[in-house]
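Asks: Got a structure here, written out as structure tokens. Questions coming.
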Amino acid sequence: MGWGVQSFTLAAMAALGEIDRIDYAVHADTHHESAMTYQFAERWTGWLDIRGIKVVTVDNGENEIITNRVGGEIFIPSFTNTPSSNGGQLRRQCTQRWKIAPLRRWLQTNRNGAPVEMWIGISTDEALRMKPSDVKYITHRWPLIELGMSRKDCIKFLETHRLETPSKSACVFCPYHNTYEWRKTKEIKKDWDKAVAIDERIRNVRPPYDLFVHPSRKPLVSVDLRTEEQKGQMRLWDEECTGLCGV
């Protein structure tokens, strides 16, 4: 339960009886989500609860970005200014540490030896993210894929049932943000300040190369996030959105 469009749609469908009931909707809290995501969760947890959907939040403590080990191990896939033509990028460890590990600890404590069928909110337009479980006691299932639902279909479902559509769920400093997502982050001062602070904090963790959260390998505060129109480029036509940005 990431509290994004797809996972909330999945929980809402179960709450409204559109699909089978679920035992729990488990949210692995990274402590680094947007303020919008936490506010949305606060508004809608009660709505799910009174309809029989128990929301459980798990976490991995404070979820530090950097360890205290010698060499300063860092968990997010930061960009580096290595001498290679395109620079480098560190290995992503955040998902395993901040989401998968605390979720599985909770499952092991509460499943009483029973197998687990884990429903994951992946829609048809991101089917490449589907992966089988790497442990025997968990079987993955993707109900939105089974129903042929895209992200656009999820939004339509929420609108049809007069439910709020959540913003995209992601850490505010995620190096995988596209430019649109960075602009949305900048619109919320608290989120932007945290992203800038993290970007500055990781800069000198892995000498001799600097680290950055933005692929330009520039300090986030100095990255130009303006649209082409804001930069003075005239629009010759209004192109339609393909719906693939920030899925």
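FYI, nothing fancy with the structure tokens labels: chains A, B, ... in order, residues from 1 per chain, ligands from 1 as they appear.
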Taking the backbone alone, and naming residues the way the document does, which bits of region 184-231 of chain A are helix (DSSP H, G or I) by DSSP, as a VMD selection string?
Replies: chain A and resid 184 to 186 189 to 202 220 to 222
Asks: Put those residues in a file: N, CA and C atoms, as a tab-separated table (two decimals), in the first residue's frame.
Replies:
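The resulting part_24.tsv:
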```tsv
chain	number	residue	atom	x	y	z
A	184	LYS	N	6.85	19.25	-9.37
A	184	LYS	CA	5.79	19.05	-8.37
A	184	LYS	C	6.38	19.07	-6.96
A	185	THR	N	7.56	18.49	-6.80
A	185	THR	CA	8.22	18.51	-5.49
A	185	THR	C	8.52	19.95	-5.07
A	186	LYS	N	8.96	20.75	-6.03
A	186	LYS	CA	9.34	22.13	-5.71
A	186	LYS	C	8.13	22.97	-5.31
A	189	LYS	N	7.01	23.46	-0.33
A	189	LYS	CA	8.25	23.94	0.28
A	189	LYS	C	8.90	22.91	1.20
A	190	LYS	N	8.09	22.26	2.04
A	190	LYS	CA	8.64	21.28	2.96
A	190	LYS	C	9.34	20.15	2.21
A	191	ASP	N	8.72	19.67	1.13
A	191	ASP	CA	9.31	18.58	0.35
A	191	ASP	C	10.58	19.04	-0.35
A	192	TRP	N	10.53	20.23	-0.95
A	192	TRP	CA	11.68	20.75	-1.69
A	192	TRP	C	12.86	20.99	-0.75
A	193	ASP	N	12.60	21.57	0.40
A	193	ASP	CA	13.67	21.83	1.36
A	193	ASP	C	14.35	20.54	1.79
A	194	LYS	N	13.54	19.49	1.97
A	194	LYS	CA	14.12	18.20	2.37
A	194	LYS	C	14.95	17.61	1.23
A	195	ALA	N	14.43	17.69	0.01
A	195	ALA	CA	15.16	17.15	-1.13
A	195	ALA	C	16.49	17.87	-1.32
A	196	VAL	N	16.49	19.19	-1.18
A	196	VAL	CA	17.72	19.97	-1.31
A	196	VAL	C	18.70	19.61	-0.19
A	197	ALA	N	18.17	19.47	1.02
A	197	ALA	CA	19.03	19.13	2.16
A	197	ALA	C	19.69	17.76	1.98
A	198	ILE	N	18.92	16.78	1.49
A	198	ILE	CA	19.48	15.45	1.26
A	198	ILE	C	20.53	15.50	0.16
A	199	ASP	N	20.22	16.24	-0.91
A	199	ASP	CA	21.17	16.37	-2.01
A	199	ASP	C	22.50	16.94	-1.52
A	200	GLU	N	22.44	17.93	-0.68
A	200	GLU	CA	23.66	18.55	-0.16
A	200	GLU	C	24.37	17.62	0.83
A	201	ARG	N	23.58	16.87	1.58
A	201	ARG	CA	24.17	15.99	2.59
A	201	ARG	C	24.97	14.85	1.98
A	202	ILE	N	24.53	14.34	0.83
A	202	ILE	CA	25.21	13.19	0.23
A	202	ILE	C	26.41	13.60	-0.62
A	220	LEU	N	20.92	20.23	-6.67
A	220	LEU	CA	19.50	20.33	-6.99
A	220	LEU	C	19.01	21.77	-6.99
A	221	VAL	N	19.50	22.55	-6.05
A	221	VAL	CA	19.05	23.93	-5.92
A	221	VAL	C	19.38	24.76	-7.16
A	222	SER	N	20.34	24.33	-7.96
A	222	SER	CA	20.75	25.09	-9.13
A	222	SER	C	20.21	24.54	-10.45
```
Asks: If you count only C-alpha atoms, which residues fall within 9 Å of Tyr176 (chain A), apart from same-chain ones fewer than 6 positions away, as number ranges by chain?
Replies: A: 77, 213-215
Asks: Would you list the contacts of Cys174 (chain A) as a list in words, taking every protein, DNA or RNA residue within 10 Å and counting only C-alpha atoms, but skipping same-chain residues closer than 3 positions in sequence?
Replies: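 The filter keeps His32, Glu33, Ile76, Pro77, Ser78, Cys94, Ala170, Cys171, His177, Asn178, Glu181, Trp182, Ala195, Val213 and His214 of chain A.
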Asks: Measuring between only C-alpha atoms, which one of A:Leu90, A:Leu103, A:Val55, A:Leu147 shows the shortest distance to Phe212 (chain A)?
Replies: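 The closest residue to Phe212 (chain A) is A:Leu90.
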Asks: For each of A:Trp47, A:Trp3, A:Phe8, A:Phe75, take the minimum atom-to-atom distance to Leu158 (chain A), counting only C-alpha atoms, then give the residue where this is smallest.
Replies: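 Of all the options, A:Phe8 lies closest to Leu158 (chain A).
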Asks: If you count only C-alpha atoms, which residues fall within 9 Å of region 139-142 of chain A, apart from same-chain ones fewer than 2 positions away, as a short mmCIF file (atom, residue, chain, number, x, y, z; two decimals) with C-alpha atoms, in the first residue's frame?
Replies:
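Generated output (around.cif):
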```cif
data_model
loop_
_atom_site.label_atom_id
_atom_site.label_comp_id
_atom_site.auth_asym_id
_atom_site.auth_seq_id
_atom_site.Cartn_x
_atom_site.Cartn_y
_atom_site.Cartn_z
CA PRO A 115 1.45 -18.85 2.84
CA VAL A 116 0.86 -15.28 1.75
CA GLU A 117 -0.79 -14.06 -1.45
CA MET A 118 0.49 -10.52 -1.89
CA TRP A 119 -1.55 -8.21 -4.12
CA ILE A 120 0.55 -5.51 -5.77
CA GLY A 121 -0.90 -2.38 -7.39
CA ILE A 122 0.79 -2.50 -10.76
CA SER A 123 -1.32 -1.41 -13.74
CA MET A 130 5.90 -7.36 -12.49
CA LYS A 131 8.29 -9.78 -10.81
CA PRO A 132 7.69 -13.11 -9.08
CA SER A 133 8.41 -13.38 -5.37
CA ASP A 134 11.89 -14.48 -4.40
CA VAL A 135 10.70 -16.28 -1.24
CA LYS A 136 8.63 -19.46 -1.10
CA TYR A 137 6.00 -18.28 1.38
CA LEU A 144 -5.17 -4.54 -11.83
CA ILE A 145 -3.30 -6.41 -14.56
CA GLU A 146 -5.86 -9.22 -14.39
CA LEU A 147 -8.64 -6.65 -14.84
#
```
Asks: Please provide the set of residues having any atom within 9 Å of Gly148 (chain A), restricted to only C-alpha atoms, with same-chain residues fewer than 5 positions apart removed, written as a ChimeraX atom specification.
Replies: /A:123-124,143,153
Asks: Next, write the just-selected residues to a file, as a CSV table (one decimal), in the first residue's frame, keeping C-alpha atoms as the atom set.
Replies:
```csv
chain,number,residue,atom,x,y,z
A,123,SER,CA,-1.3,-1.4,-13.7
A,124,THR,CA,-1.1,-2.4,-17.4
A,143,PRO,CA,-5.3,-7.7,-9.8
A,153,ASP,CA,-8.6,3.4,-15.7
```
Asks: Would you work out the distance separating CA of Lys156 (chain A) from CA of Glu229 (chain A), expressed in Å to one decimal?
Replies: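 Going from CA of Lys156 (chain A) over to CA of Glu229 (chain A) covers 29.5 Å.
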Asks: Write out as a VMD selection string each polymer residue whose atoms come within 7 Å of Lys54 (chain A), counting only C-alpha atoms; drop sequence neighbours fewer than 3 positions from it.
Replies: chain A and resid 24 to 25 49
Asks: Export, as a tab-separated table (two decimals), in the first residue's frame, the selected residues with C-alpha atoms.
Replies:
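Output below, filename again.tsv:
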```
chain	number	residue	atom	x	y	z
A	24	TYR	CA	-4.59	-6.22	5.37
A	25	ALA	CA	-3.36	-3.26	3.36
A	49	ASP	CA	-11.17	1.02	8.04
```
Asks: I'd like the interatomic distance between CA of Lys168 (chain A) and CA of Arg151 (chain A), to a tenth of an Å.
Replies: 11.0 Å
Asks: Find the residues near region 11-13 of chain A: any atom within 8 Å, counting only C-alpha atoms, skip ones fewer than 3 places away on the same chain, and give them as a VMD selection string.
Replies: chain A and resid 1 7 to 8 16 to 19 25 48 53
Asks: Looking at A:Gln108, A:Ser216, A:Thr179, A:Thr227, which one is nearest to Gly87 (chain A), with distances taken over only C-alpha atoms?
Replies: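 Looking at the shortest contact to Gly87 (chain A), the residue is A:Ser216.
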Asks: Which residue gives the smallest distance to Asp20 (chain A) among A:Gly52, A:Val172, A:Glu159, A:Ser150, with only C-alpha atoms counted?
Replies: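 Result for the nearest residue to Asp20 (chain A): A:Gly52.
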Asks: Hey, which of A:Ser169, A:Thr30, A:Thr37, A:Asn110 ends up closest to Asn63 (chain A)? Count only C-alpha atoms.
Replies: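 Checking each candidate against Asn63 (chain A), we get A:Thr30 as the closest.
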Asks: Taking into account only C-alpha atoms, which residue in the set A:Ser34, A:Pro175, A:Glu73, A:Glu62 is nearest to Ile188 (chain A)?
Replies: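 Going through A:Ser34, A:Pro175, A:Glu73, A:Glu62 one by one, the smallest distance to Ile188 (chain A) is for A:Ser34.
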Asks: Apply DSSP to the backbone of this structure and, from region 10-180 of chain A, keep only the residues in strand (DSSP E or B); write these as a VMD selection string.
Replies: chain A and resid 25 to 29 33 55 to 59 66 74 79 to 80 88 to 89 116 to 119 138 to 141 171
Asks: Please report the interatomic distance between CA of Gly46 (chain A) and CA of Gly2 (chain A) in Å with one decimal.
Replies: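 The value is 16.0 Å.
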